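Q: Before I ask anything, let me first share the structure, which is written out below as structure tokens.
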Amino acid sequence: MKTPEDKSAKLWGGRFKEKASSIMERIGESISFDQKLYKEDLEGSRAHAKMLAKMGILNSTELKDILDGLNQVEEEIESGNFKFSSELEDIHMHVESRLTELKGEVGKKLHTARSRNDQVAQDTRLYVRNRIQEILLRLDSLREALYEQASKNIDTIIPGYTHLQVAQPIRASHFLLAYFWMFTRDLEFFEFASKTSNILVLGSGAMAGVNYQNDREFLASELKADSISPNSMDGVSNRDHLLQFLFAAVQTMSHASRFCEDIVLYSSQEFGLVKLPDSLTTGSSIMPQKKNPDIAELIRGKSARVAGNLNHLIGLLKGLPLTYNRDLQEDKLAVFDAVETVLLSLEGLEAMVSEIQFRPERGERSLKEGFATATDLADFLVGEKKVPFRTAHELVGRLVSECVERKENLFTISEEVRKGISPYFTGEEYSKAVSLELSTDKKSSYGGTSKSRQLEQLELAKQSIKSIQRNTK
Ligand code: ARG
């Protein structure tokens with residue numbers, strides 16, 4: 001028979017006659033991953049202890065002892081002197097049991113009016129709220145890097161693609177700012193996820209509330225929560241905020257992955273539109289000539305992992321009966337992995353964005369070979385010569401076909417051949433109609449790639465960057 005004084009006794013061991021088997025312990029432990037929650041667990045416990053003192057459950061000496069003990073636990077964990085063991089299951093039991101070792105009987109009072117169910121739900125909320133702040137800072141600086149590169153490349157003309165075929169000339173700033181707006185939406189999505197996380201659930205007890213007049217207003221103000229969950233059953237079992245966090249993470253990673261795919265393609269021999277610095281590429285162990293865009297490929301690969309994390313949580317929650325079920329212990333693995341992966345990927349993206357170099361000479365070749373200004377030529381016939389658009393499309397199509405047959409492009413094909421198709425395909429007017437540079441400036445509709453619209457868009461981006469007042473603690 002074990003006694004409560006046994007070192008190996010569980011904090012919940014009163015009703016058990018036998019020790020947990022090794023497999024129960026190994027399958028049940030979460031300390032190997034939820035030690036990441038230690039700061040939030042201590043934050044929650046400090047607030048809870050102060051509330052217990054307000055309620056008269058702890059006297060002021062006891063409160064002081066508990067707060068001192070919790071500080072000491074924090075120091076031990078941060079200095080690497082804390083002993084973690086799977087026997088104690090999770091971070092909550094580790095903190096409480098070490099507190100009791102340090103401060104004696106008073107440590108055993110801390111869990112009054114609290115369950116691990118509301119405790120872990122609260123810890124995870126605080127964790128997500130705190131880590132989202134870090135993600136937002138990373139998104140801020142990624143957006144600044146995109147803005148800087150866009151400002152530098154306003155006069156760099158590159159091809160824009162549809163169906164991965166050369167479509168129309170664009171300013172490279174337009175390409176970069178497209179990603180700027182994607183990451184702006186991600187930032188807003190994370191802010192939203194942070195708000196849904198920032199709700200007080202502590203004080204819900206195991207699921208039905210607690211047998212004490214607790215003070216949840218006080219807890220909310222201690223933990224800087226925006227509101228208080230009005231239903232204890234929902235409080236302990238709600239993981240919507242984690243879904244939202246993962247939705248935001250998946251959206252961000254899908255944008256990151258698209259950018260990476262563009263970079264992988266554009267830095268290839270065939271496209272040759274951009275160059276990555278040596279420091280962000282790797283060589284091949286066999287092919288001496290290789291310079292591979294691994295960083296972009298890895299981020300593209302990591303986006304699949306984060307999508308998997310979301311799937312993991314959806315699977316976990318679907319069909320789970322109310323309220324707390326131990327399955328929920330597994331929610332943290334998906335969230336922790338997504339947090340680390342998003343932070344690492346955003347850092348990698350920022351490095352790429354800051355260091356990337358465009359090669360407009362290669363872009364020009366593709367634009368010419370790809371007849372990128374064919375639509376501009378058709379629009380010239382429509383605008384200047386009042387030719388109906390369908391007819392103009394047909395005439396330019398014939399010219400392109402003639403070029404392809406003769407291995408020429410719109411710039412090299414002789415005036416004689418052009419005239420044979422349309423009397424308007426001549427002189428200065430024709431050259432202006434097919435010019436790559438002029439093409440971009442003709443796209444002066446709002447949101448287009450003309451220089452004036454680029455300047456306007458950069459200004460909007462700057463305002464968006466400036467509008468953010470991040471509260472860095
Ligand atoms: N480690 C557990 C988790 O992460 C804490 C809650 C345990 N609750 C329980 N009723 N066994 O979910």
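Note on naming: chains are A, B, ... as they come in the structure tokens, residues start from 1 per chain, ligands start from 1 in the order shown.
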Could you list, as a PDB file with N, CA, C and O atoms, in the first residue's frame, all residues that come within 12 Å of ligand 1? Count only C-alpha atoms and all ligand atoms.
A:
ATOM      1  N   LYS A  10       0.582   9.799  -6.842  1.00  0.00           N
ATOM      2  CA  LYS A  10       0.005  10.814  -7.725  1.00  0.00           C
ATOM      3  C   LYS A  10      -0.721  11.849  -6.886  1.00  0.00           C
ATOM      4  O   LYS A  10      -1.265  11.519  -5.815  1.00  0.00           O
ATOM      5  N   LEU A  11      -0.815  13.071  -7.411  1.00  0.00           N
ATOM      6  CA  LEU A  11      -1.576  14.090  -6.684  1.00  0.00           C
ATOM      7  C   LEU A  11      -3.053  13.713  -6.625  1.00  0.00           C
ATOM      8  O   LEU A  11      -3.784  14.166  -5.776  1.00  0.00           O
ATOM      9  N   TRP A  12      -3.478  12.852  -7.547  1.00  0.00           N
ATOM     10  CA  TRP A  12      -4.875  12.409  -7.544  1.00  0.00           C
ATOM     11  C   TRP A  12      -5.022  10.980  -7.007  1.00  0.00           C
ATOM     12  O   TRP A  12      -6.034  10.330  -7.212  1.00  0.00           O
ATOM     13  N   GLU A  25       1.540   5.444 -17.822  1.00  0.00           N
ATOM     14  CA  GLU A  25       2.341   6.636 -17.577  1.00  0.00           C
ATOM     15  C   GLU A  25       2.912   7.209 -18.871  1.00  0.00           C
ATOM     16  O   GLU A  25       2.873   8.407 -19.113  1.00  0.00           O
ATOM     17  N   ILE A  27       1.831   6.764 -21.965  1.00  0.00           N
ATOM     18  CA  ILE A  27       0.834   7.276 -22.905  1.00  0.00           C
ATOM     19  C   ILE A  27       0.157   8.537 -22.350  1.00  0.00           C
ATOM     20  O   ILE A  27      -0.308   9.395 -23.095  1.00  0.00           O
ATOM     21  N   GLY A  28       0.162   8.637 -21.029  1.00  0.00           N
ATOM     22  CA  GLY A  28      -0.574   9.745 -20.406  1.00  0.00           C
ATOM     23  C   GLY A  28       0.235  11.005 -20.203  1.00  0.00           C
ATOM     24  O   GLY A  28      -0.331  12.087 -20.049  1.00  0.00           O
ATOM     25  N   GLU A  29       1.547  10.860 -20.228  1.00  0.00           N
ATOM     26  CA  GLU A  29       2.343  12.055 -19.891  1.00  0.00           C
ATOM     27  C   GLU A  29       2.223  13.110 -20.989  1.00  0.00           C
ATOM     28  O   GLU A  29       2.114  12.791 -22.173  1.00  0.00           O
ATOM     29  N   SER A  30       2.217  14.373 -20.582  1.00  0.00           N
ATOM     30  CA  SER A  30       2.281  15.451 -21.574  1.00  0.00           C
ATOM     31  C   SER A  30       3.416  16.402 -21.214  1.00  0.00           C
ATOM     32  O   SER A  30       3.649  17.374 -21.921  1.00  0.00           O
ATOM     33  N   ILE A  31       4.130  16.072 -20.124  1.00  0.00           N
ATOM     34  CA  ILE A  31       5.173  17.001 -19.689  1.00  0.00           C
ATOM     35  C   ILE A  31       6.253  17.186 -20.756  1.00  0.00           C
ATOM     36  O   ILE A  31       6.852  18.252 -20.863  1.00  0.00           O
ATOM     37  N   SER A  32       6.444  16.141 -21.585  1.00  0.00           N
ATOM     38  CA  SER A  32       7.483  16.247 -22.611  1.00  0.00           C
ATOM     39  C   SER A  32       7.179  17.385 -23.577  1.00  0.00           C
ATOM     40  O   SER A  32       8.064  17.910 -24.217  1.00  0.00           O
ATOM     41  N   PHE A  33       5.899  17.769 -23.712  1.00  0.00           N
ATOM     42  CA  PHE A  33       5.614  18.920 -24.579  1.00  0.00           C
ATOM     43  C   PHE A  33       4.959  20.081 -23.844  1.00  0.00           C
ATOM     44  O   PHE A  33       5.231  21.234 -24.147  1.00  0.00           O
ATOM     45  N   ASP A  34       4.128  19.803 -22.824  1.00  0.00           N
ATOM     46  CA  ASP A  34       3.419  20.950 -22.239  1.00  0.00           C
ATOM     47  C   ASP A  34       4.276  21.737 -21.239  1.00  0.00           C
ATOM     48  O   ASP A  34       3.810  22.732 -20.682  1.00  0.00           O
ATOM     49  N   GLN A  35       5.561  21.341 -21.079  1.00  0.00           N
ATOM     50  CA  GLN A  35       6.430  22.205 -20.262  1.00  0.00           C
ATOM     51  C   GLN A  35       6.580  23.570 -20.929  1.00  0.00           C
ATOM     52  O   GLN A  35       6.921  24.551 -20.282  1.00  0.00           O
ATOM     53  N   LYS A  36       6.261  23.631 -22.226  1.00  0.00           N
ATOM     54  CA  LYS A  36       6.264  24.924 -22.921  1.00  0.00           C
ATOM     55  C   LYS A  36       5.253  25.899 -22.301  1.00  0.00           C
ATOM     56  O   LYS A  36       5.320  27.095 -22.536  1.00  0.00           O
ATOM     57  N   LEU A  37       4.291  25.356 -21.541  1.00  0.00           N
ATOM     58  CA  LEU A  37       3.247  26.210 -20.966  1.00  0.00           C
ATOM     59  C   LEU A  37       3.627  26.743 -19.583  1.00  0.00           C
ATOM     60  O   LEU A  37       2.799  27.347 -18.911  1.00  0.00           O
ATOM     61  N   ASP A  41       1.255  28.773 -17.053  1.00  0.00           N
ATOM     62  CA  ASP A  41       0.727  28.034 -15.911  1.00  0.00           C
ATOM     63  C   ASP A  41       1.015  28.810 -14.626  1.00  0.00           C
ATOM     64  O   ASP A  41       0.162  28.932 -13.740  1.00  0.00           O
ATOM     65  N   SER A  86       8.027  11.925 -16.047  1.00  0.00           N
ATOM     66  CA  SER A  86       6.719  11.573 -16.628  1.00  0.00           C
ATOM     67  C   SER A  86       5.743  11.076 -15.559  1.00  0.00           C
ATOM     68  O   SER A  86       4.536  11.081 -15.769  1.00  0.00           O
ATOM     69  N   LEU A  88       4.858  12.586 -13.045  1.00  0.00           N
ATOM     70  CA  LEU A  88       4.004  13.712 -12.640  1.00  0.00           C
ATOM     71  C   LEU A  88       3.149  14.244 -13.795  1.00  0.00           C
ATOM     72  O   LEU A  88       2.615  15.356 -13.716  1.00  0.00           O
ATOM     73  N   GLU A  89       3.038  13.476 -14.844  1.00  0.00           N
ATOM     74  CA  GLU A  89       2.136  13.734 -15.974  1.00  0.00           C
ATOM     75  C   GLU A  89       2.364  15.023 -16.737  1.00  0.00           C
ATOM     76  O   GLU A  89       2.787  15.023 -17.887  1.00  0.00           O
ATOM     77  N   ASP A  90       1.968  16.143 -16.103  1.00  0.00           N
ATOM     78  CA  ASP A  90       1.923  17.369 -16.906  1.00  0.00           C
ATOM     79  C   ASP A  90       2.503  18.557 -16.143  1.00  0.00           C
ATOM     80  O   ASP A  90       2.892  18.446 -14.975  1.00  0.00           O
ATOM     81  N   ILE A  91       2.524  19.686 -16.803  1.00  0.00           N
ATOM     82  CA  ILE A  91       3.141  20.882 -16.209  1.00  0.00           C
ATOM     83  C   ILE A  91       2.403  21.341 -14.947  1.00  0.00           C
ATOM     84  O   ILE A  91       3.004  21.797 -13.988  1.00  0.00           O
ATOM     85  N   HIS A  92       1.088  21.132 -14.951  1.00  0.00           N
ATOM     86  CA  HIS A  92       0.289  21.598 -13.798  1.00  0.00           C
ATOM     87  C   HIS A  92       0.684  20.846 -12.524  1.00  0.00           C
ATOM     88  O   HIS A  92       0.839  21.417 -11.462  1.00  0.00           O
ATOM     89  N   MET A  93       0.831  19.519 -12.646  1.00  0.00           N
ATOM     90  CA  MET A  93       1.211  18.702 -11.492  1.00  0.00           C
ATOM     91  C   MET A  93       2.650  18.981 -11.074  1.00  0.00           C
ATOM     92  O   MET A  93       2.983  18.930  -9.894  1.00  0.00           O
ATOM     93  N   HIS A  94       3.503  19.236 -12.063  1.00  0.00           N
ATOM     94  CA  HIS A  94       4.898  19.527 -11.733  1.00  0.00           C
ATOM     95  C   HIS A  94       5.000  20.789 -10.886  1.00  0.00           C
ATOM     96  O   HIS A  94       5.704  20.833  -9.885  1.00  0.00           O
ATOM     97  N   ARG A 114     -10.343  24.908  -8.290  1.00  0.00           N
ATOM     98  CA  ARG A 114      -9.761  24.879  -9.629  1.00  0.00           C
ATOM     99  C   ARG A 114      -9.625  23.425 -10.055  1.00  0.00           C
ATOM    100  O   ARG A 114      -9.457  22.540  -9.216  1.00  0.00           O
ATOM    101  N   SER A 115      -9.726  23.192 -11.339  1.00  0.00           N
ATOM    102  CA  SER A 115      -9.520  21.853 -11.889  1.00  0.00           C
ATOM    103  C   SER A 115      -8.427  21.979 -12.930  1.00  0.00           C
ATOM    104  O   SER A 115      -8.189  23.069 -13.457  1.00  0.00           O
ATOM    105  N   ARG A 116      -7.772  20.866 -13.245  1.00  0.00           N
ATOM    106  CA  ARG A 116      -6.816  20.974 -14.339  1.00  0.00           C
ATOM    107  C   ARG A 116      -7.535  21.260 -15.661  1.00  0.00           C
ATOM    108  O   ARG A 116      -6.936  21.730 -16.612  1.00  0.00           O
ATOM    109  N   ASN A 117      -8.836  20.954 -15.682  1.00  0.00           N
ATOM    110  CA  ASN A 117      -9.562  21.193 -16.936  1.00  0.00           C
ATOM    111  C   ASN A 117      -9.679  22.676 -17.265  1.00  0.00           C
ATOM    112  O   ASN A 117      -9.471  23.084 -18.410  1.00  0.00           O
ATOM    113  N   ASP A 118     -10.033  23.480 -16.261  1.00  0.00           N
ATOM    114  CA  ASP A 118     -10.076  24.927 -16.563  1.00  0.00           C
ATOM    115  C   ASP A 118      -8.666  25.509 -16.581  1.00  0.00           C
ATOM    116  O   ASP A 118      -8.371  26.442 -17.327  1.00  0.00           O
ATOM    117  N   GLN A 119      -7.776  24.885 -15.793  1.00  0.00           N
ATOM    118  CA  GLN A 119      -6.395  25.382 -15.745  1.00  0.00           C
ATOM    119  C   GLN A 119      -5.712  25.243 -17.104  1.00  0.00           C
ATOM    120  O   GLN A 119      -5.148  26.208 -17.639  1.00  0.00           O
ATOM    121  N   VAL A 120      -5.806  24.051 -17.695  1.00  0.00           N
ATOM    122  CA  VAL A 120      -5.106  23.851 -18.975  1.00  0.00           C
ATOM    123  C   VAL A 120      -5.769  24.672 -20.082  1.00  0.00           C
ATOM    124  O   VAL A 120      -5.097  25.213 -20.970  1.00  0.00           O
ATOM    125  N   ALA A 121      -7.096  24.788 -20.003  1.00  0.00           N
ATOM    126  CA  ALA A 121      -7.793  25.577 -21.027  1.00  0.00           C
ATOM    127  C   ALA A 121      -7.317  27.028 -20.956  1.00  0.00           C
ATOM    128  O   ALA A 121      -7.091  27.682 -21.987  1.00  0.00           O
ATOM    129  N   GLN A 122      -7.138  27.524 -19.717  1.00  0.00           N
ATOM    130  CA  GLN A 122      -6.680  28.914 -19.558  1.00  0.00           C
ATOM    131  C   GLN A 122      -5.220  29.066 -19.994  1.00  0.00           C
ATOM    132  O   GLN A 122      -4.872  30.012 -20.704  1.00  0.00           O
ATOM    133  N   ASP A 123      -4.389  28.128 -19.577  1.00  0.00           N
ATOM    134  CA  ASP A 123      -2.966  28.211 -19.928  1.00  0.00           C
ATOM    135  C   ASP A 123      -2.797  28.290 -21.446  1.00  0.00           C
ATOM    136  O   ASP A 123      -2.001  29.075 -21.969  1.00  0.00           O
ATOM    137  N   THR A 124      -3.544  27.436 -22.133  1.00  0.00           N
ATOM    138  CA  THR A 124      -3.396  27.379 -23.592  1.00  0.00           C
ATOM    139  C   THR A 124      -3.867  28.689 -24.222  1.00  0.00           C
ATOM    140  O   THR A 124      -3.269  29.192 -25.172  1.00  0.00           O
ATOM    141  N   GLY A 205     -13.956  25.432 -13.204  1.00  0.00           N
ATOM    142  CA  GLY A 205     -13.833  24.183 -12.455  1.00  0.00           C
ATOM    143  C   GLY A 205     -13.693  23.006 -13.409  1.00  0.00           C
ATOM    144  O   GLY A 205     -13.240  23.156 -14.546  1.00  0.00           O
ATOM    145  N   ALA A 206     -14.114  21.829 -12.951  1.00  0.00           N
ATOM    146  CA  ALA A 206     -13.979  20.645 -13.802  1.00  0.00           C
ATOM    147  C   ALA A 206     -14.873  20.768 -15.019  1.00  0.00           C
ATOM    148  O   ALA A 206     -14.508  20.395 -16.125  1.00  0.00           O
ATOM    149  N   MET A 207     -16.091  21.338 -14.796  1.00  0.00           N
ATOM    150  CA  MET A 207     -17.004  21.590 -15.910  1.00  0.00           C
ATOM    151  C   MET A 207     -18.305  22.269 -15.487  1.00  0.00           C
ATOM    152  O   MET A 207     -18.945  22.925 -16.272  1.00  0.00           O
ATOM    153  N   VAL A 236     -14.548  24.852 -20.418  1.00  0.00           N
ATOM    154  CA  VAL A 236     -13.485  23.836 -20.346  1.00  0.00           C
ATOM    155  C   VAL A 236     -13.301  23.067 -21.647  1.00  0.00           C
ATOM    156  O   VAL A 236     -12.256  22.463 -21.872  1.00  0.00           O
ATOM    157  N   SER A 237     -14.331  23.073 -22.504  1.00  0.00           N
ATOM    158  CA  SER A 237     -14.210  22.218 -23.689  1.00  0.00           C
ATOM    159  C   SER A 237     -14.022  22.993 -24.995  1.00  0.00           C
ATOM    160  O   SER A 237     -13.700  22.395 -26.014  1.00  0.00           O
ATOM    161  N   ARG A 239     -12.430  24.812 -27.895  1.00  0.00           N
ATOM    162  CA  ARG A 239     -11.093  24.969 -28.494  1.00  0.00           C
ATOM    163  C   ARG A 239     -11.196  25.747 -29.814  1.00  0.00           C
ATOM    164  O   ARG A 239     -10.300  25.670 -30.658  1.00  0.00           O
ATOM    165  N   THR A 323     -17.803  17.142 -21.730  1.00  0.00           N
ATOM    166  CA  THR A 323     -17.083  18.408 -21.872  1.00  0.00           C
ATOM    167  C   THR A 323     -15.609  18.085 -22.083  1.00  0.00           C
ATOM    168  O   THR A 323     -15.221  17.810 -23.197  1.00  0.00           O
ATOM    169  N   TYR A 324     -14.822  18.080 -20.995  1.00  0.00           N
ATOM    170  CA  TYR A 324     -13.410  17.747 -21.157  1.00  0.00           C
ATOM    171  C   TYR A 324     -13.250  16.254 -21.415  1.00  0.00           C
ATOM    172  O   TYR A 324     -13.880  15.433 -20.767  1.00  0.00           O
ATOM    173  N   ASN A 325     -12.435  15.923 -22.390  1.00  0.00           N
ATOM    174  CA  ASN A 325     -12.003  14.538 -22.618  1.00  0.00           C
ATOM    175  C   ASN A 325     -10.504  14.570 -22.773  1.00  0.00           C
ATOM    176  O   ASN A 325      -9.943  15.553 -23.268  1.00  0.00           O
ATOM    177  N   ARG A 326      -9.892  13.479 -22.377  1.00  0.00           N
ATOM    178  CA  ARG A 326      -8.427  13.489 -22.346  1.00  0.00           C
ATOM    179  C   ARG A 326      -7.809  13.648 -23.734  1.00  0.00           C
ATOM    180  O   ARG A 326      -6.662  14.084 -23.863  1.00  0.00           O
ATOM    181  N   ASP A 327      -8.593  13.322 -24.766  1.00  0.00           N
ATOM    182  CA  ASP A 327      -8.116  13.560 -26.140  1.00  0.00           C
ATOM    183  C   ASP A 327      -7.547  14.969 -26.262  1.00  0.00           C
ATOM    184  O   ASP A 327      -6.617  15.219 -27.027  1.00  0.00           O
ATOM    185  N   LEU A 328      -8.187  15.890 -25.540  1.00  0.00           N
ATOM    186  CA  LEU A 328      -7.842  17.306 -25.692  1.00  0.00           C
ATOM    187  C   LEU A 328      -6.391  17.603 -25.320  1.00  0.00           C
ATOM    188  O   LEU A 328      -5.839  18.625 -25.724  1.00  0.00           O
ATOM    189  N   GLN A 329      -5.792  16.702 -24.561  1.00  0.00           N
ATOM    190  CA  GLN A 329      -4.377  16.891 -24.237  1.00  0.00           C
ATOM    191  C   GLN A 329      -3.536  17.001 -25.519  1.00  0.00           C
ATOM    192  O   GLN A 329      -2.508  17.672 -25.542  1.00  0.00           O
ATOM    193  N   GLU A 330      -3.998  16.329 -26.568  1.00  0.00           N
ATOM    194  CA  GLU A 330      -3.244  16.296 -27.822  1.00  0.00           C
ATOM    195  C   GLU A 330      -3.367  17.594 -28.631  1.00  0.00           C
ATOM    196  O   GLU A 330      -2.681  17.754 -29.638  1.00  0.00           O
ATOM    197  N   ASP A 331      -4.286  18.490 -28.233  1.00  0.00           N
ATOM    198  CA  ASP A 331      -4.461  19.734 -29.011  1.00  0.00           C
ATOM    199  C   ASP A 331      -3.176  20.550 -29.045  1.00  0.00           C
ATOM    200  O   ASP A 331      -2.846  21.187 -30.040  1.00  0.00           O
ATOM    201  N   LYS A 332      -2.440  20.479 -27.933  1.00  0.00           N
ATOM    202  CA  LYS A 332      -1.261  21.351 -27.813  1.00  0.00           C
ATOM    203  C   LYS A 332      -0.168  21.008 -28.809  1.00  0.00           C
ATOM    204  O   LYS A 332       0.559  21.874 -29.276  1.00  0.00           O
ATOM    205  N   LEU A 333      -0.053  19.718 -29.144  1.00  0.00           N
ATOM    206  CA  LEU A 333       1.006  19.321 -30.086  1.00  0.00           C
ATOM    207  C   LEU A 333       0.839  20.049 -31.407  1.00  0.00           C
ATOM    208  O   LEU A 333       1.810  20.540 -31.999  1.00  0.00           O
TER     209      LEU A 333
END
Q: Please list as a list in words every residue within 10 Å of Ala193 (chain A), counting only C-alpha atoms and excluding residues in the same chain fewer than 4 positions away.
A: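 In the requested form, the answer reads Val128, Arg129, Ile132, Leu187, Glu188, Phe189, Ser197, Asn198, Asp240, His241, Leu242, Leu243, Gln244, Phe245, Leu246, Phe247, Ala248 and Ala249 of chain A.
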Q: Please produce a file of the residues just selected, as a PDB file, in the first residue's frame, where the atoms kept are N, CA, C and O atoms.
A:
ATOM      1  N   VAL A 128      -1.437  30.994 -26.509  1.00  0.00           N
ATOM      2  CA  VAL A 128      -1.736  31.386 -27.893  1.00  0.00           C
ATOM      3  C   VAL A 128      -1.730  32.912 -28.012  1.00  0.00           C
ATOM      4  O   VAL A 128      -1.135  33.475 -28.932  1.00  0.00           O
ATOM      5  N   ARG A 129      -2.358  33.571 -27.047  1.00  0.00           N
ATOM      6  CA  ARG A 129      -2.362  35.040 -27.067  1.00  0.00           C
ATOM      7  C   ARG A 129      -0.921  35.573 -27.077  1.00  0.00           C
ATOM      8  O   ARG A 129      -0.586  36.445 -27.878  1.00  0.00           O
ATOM      9  N   ILE A 132       0.996  34.702 -30.374  1.00  0.00           N
ATOM     10  CA  ILE A 132       0.496  35.458 -31.536  1.00  0.00           C
ATOM     11  C   ILE A 132       1.179  36.831 -31.576  1.00  0.00           C
ATOM     12  O   ILE A 132       1.492  37.350 -32.643  1.00  0.00           O
ATOM     13  N   LEU A 187      -2.127  38.976 -40.947  1.00  0.00           N
ATOM     14  CA  LEU A 187      -1.932  39.711 -39.696  1.00  0.00           C
ATOM     15  C   LEU A 187      -3.284  39.998 -39.027  1.00  0.00           C
ATOM     16  O   LEU A 187      -3.460  39.779 -37.825  1.00  0.00           O
ATOM     17  N   GLU A 188      -4.250  40.429 -39.846  1.00  0.00           N
ATOM     18  CA  GLU A 188      -5.580  40.721 -39.281  1.00  0.00           C
ATOM     19  C   GLU A 188      -6.238  39.449 -38.751  1.00  0.00           C
ATOM     20  O   GLU A 188      -6.934  39.468 -37.730  1.00  0.00           O
ATOM     21  N   PHE A 189      -6.010  38.363 -39.450  1.00  0.00           N
ATOM     22  CA  PHE A 189      -6.580  37.072 -39.043  1.00  0.00           C
ATOM     23  C   PHE A 189      -5.981  36.647 -37.679  1.00  0.00           C
ATOM     24  O   PHE A 189      -6.689  36.182 -36.780  1.00  0.00           O
ATOM     25  N   SER A 197      -8.954  34.185 -28.357  1.00  0.00           N
ATOM     26  CA  SER A 197      -8.244  33.438 -27.310  1.00  0.00           C
ATOM     27  C   SER A 197      -8.350  34.129 -25.958  1.00  0.00           C
ATOM     28  O   SER A 197      -8.309  33.489 -24.918  1.00  0.00           O
ATOM     29  N   ASN A 198      -8.453  35.444 -26.044  1.00  0.00           N
ATOM     30  CA  ASN A 198      -8.294  36.211 -24.809  1.00  0.00           C
ATOM     31  C   ASN A 198      -9.571  36.300 -23.976  1.00  0.00           C
ATOM     32  O   ASN A 198     -10.036  37.385 -23.636  1.00  0.00           O
ATOM     33  N   ASP A 240     -12.308  26.491 -29.987  1.00  0.00           N
ATOM     34  CA  ASP A 240     -12.498  27.248 -31.244  1.00  0.00           C
ATOM     35  C   ASP A 240     -11.328  28.186 -31.517  1.00  0.00           C
ATOM     36  O   ASP A 240     -10.920  28.377 -32.661  1.00  0.00           O
ATOM     37  N   HIS A 241     -10.826  28.794 -30.444  1.00  0.00           N
ATOM     38  CA  HIS A 241      -9.746  29.770 -30.645  1.00  0.00           C
ATOM     39  C   HIS A 241      -8.499  29.087 -31.207  1.00  0.00           C
ATOM     40  O   HIS A 241      -7.744  29.708 -31.941  1.00  0.00           O
ATOM     41  N   LEU A 242      -8.316  27.811 -30.860  1.00  0.00           N
ATOM     42  CA  LEU A 242      -7.158  27.092 -31.420  1.00  0.00           C
ATOM     43  C   LEU A 242      -7.384  26.799 -32.895  1.00  0.00           C
ATOM     44  O   LEU A 242      -6.466  26.874 -33.715  1.00  0.00           O
ATOM     45  N   LEU A 243      -8.647  26.482 -33.225  1.00  0.00           N
ATOM     46  CA  LEU A 243      -8.964  26.294 -34.648  1.00  0.00           C
ATOM     47  C   LEU A 243      -8.673  27.584 -35.403  1.00  0.00           C
ATOM     48  O   LEU A 243      -8.053  27.571 -36.467  1.00  0.00           O
ATOM     49  N   GLN A 244      -9.135  28.695 -34.835  1.00  0.00           N
ATOM     50  CA  GLN A 244      -8.924  29.969 -35.525  1.00  0.00           C
ATOM     51  C   GLN A 244      -7.439  30.291 -35.668  1.00  0.00           C
ATOM     52  O   GLN A 244      -6.990  30.763 -36.708  1.00  0.00           O
ATOM     53  N   PHE A 245      -6.702  30.012 -34.604  1.00  0.00           N
ATOM     54  CA  PHE A 245      -5.259  30.236 -34.678  1.00  0.00           C
ATOM     55  C   PHE A 245      -4.675  29.397 -35.824  1.00  0.00           C
ATOM     56  O   PHE A 245      -3.874  29.876 -36.629  1.00  0.00           O
ATOM     57  N   LEU A 246      -5.106  28.133 -35.895  1.00  0.00           N
ATOM     58  CA  LEU A 246      -4.545  27.255 -36.941  1.00  0.00           C
ATOM     59  C   LEU A 246      -5.041  27.646 -38.334  1.00  0.00           C
ATOM     60  O   LEU A 246      -4.288  27.552 -39.302  1.00  0.00           O
ATOM     61  N   PHE A 247      -6.287  28.120 -38.432  1.00  0.00           N
ATOM     62  CA  PHE A 247      -6.752  28.622 -39.739  1.00  0.00           C
ATOM     63  C   PHE A 247      -5.839  29.766 -40.184  1.00  0.00           C
ATOM     64  O   PHE A 247      -5.413  29.836 -41.340  1.00  0.00           O
ATOM     65  N   ALA A 248      -5.560  30.669 -39.259  1.00  0.00           N
ATOM     66  CA  ALA A 248      -4.699  31.822 -39.596  1.00  0.00           C
ATOM     67  C   ALA A 248      -3.306  31.324 -39.985  1.00  0.00           C
ATOM     68  O   ALA A 248      -2.691  31.827 -40.937  1.00  0.00           O
ATOM     69  N   ALA A 249      -2.825  30.318 -39.239  1.00  0.00           N
ATOM     70  CA  ALA A 249      -1.489  29.785 -39.530  1.00  0.00           C
ATOM     71  C   ALA A 249      -1.461  29.139 -40.916  1.00  0.00           C
ATOM     72  O   ALA A 249      -0.521  29.327 -41.689  1.00  0.00           O
TER      73      ALA A 249
END
Q: Have a look at A:Glu87, A:Val382, A:Lys407, A:Ile57 and name the one nearest to Tyr212 (chain A); count only C-alpha atoms.
A: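 Ranked by minimum distance to Tyr212 (chain A), first place goes to A:Ile57.
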Q: So how far away is CA of Val106 (chain A) from CA of Lys19 (chain A), in Å?
A: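 CA of Val106 (chain A) lies 25.9 Å from CA of Lys19 (chain A).
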Q: So which residues touch region 303-316 of chain A within 6 Å, counting only C-alpha atoms, skipping near sequence neighbours fewer than 3 positions away, as a PyMOL selection string?
A: chain A and resi 246+250+253+300+334+338
Q: Take the residues from that selection and put them in a file with C-alpha atoms, as a PDB file, in the first residue's frame.
A:
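Wrote it out as result_22.pdb, contents follow:
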ATOM      1  CA  LEU A 246      -4.545  27.255 -36.941  1.00  0.00           C
ATOM      2  CA  VAL A 250      -2.565  27.720 -42.540  1.00  0.00           C
ATOM      3  CA  MET A 253       1.702  29.364 -44.679  1.00  0.00           C
ATOM      4  CA  ARG A 300       6.846  25.280 -49.029  1.00  0.00           C
ATOM      5  CA  ALA A 334      -0.683  20.775 -33.161  1.00  0.00           C
ATOM      6  CA  ALA A 338       2.321  25.445 -35.834  1.00  0.00           C
TER       7      ALA A 338
END
Q: Record the distance separating CA of Lys291 (chain A) and CA of Ser366 (chain A), expressed in Å with one decimal.
A: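 Taking CA of Lys291 (chain A) as the start and CA of Ser366 (chain A) as the end point, the length is 22.2 Å.
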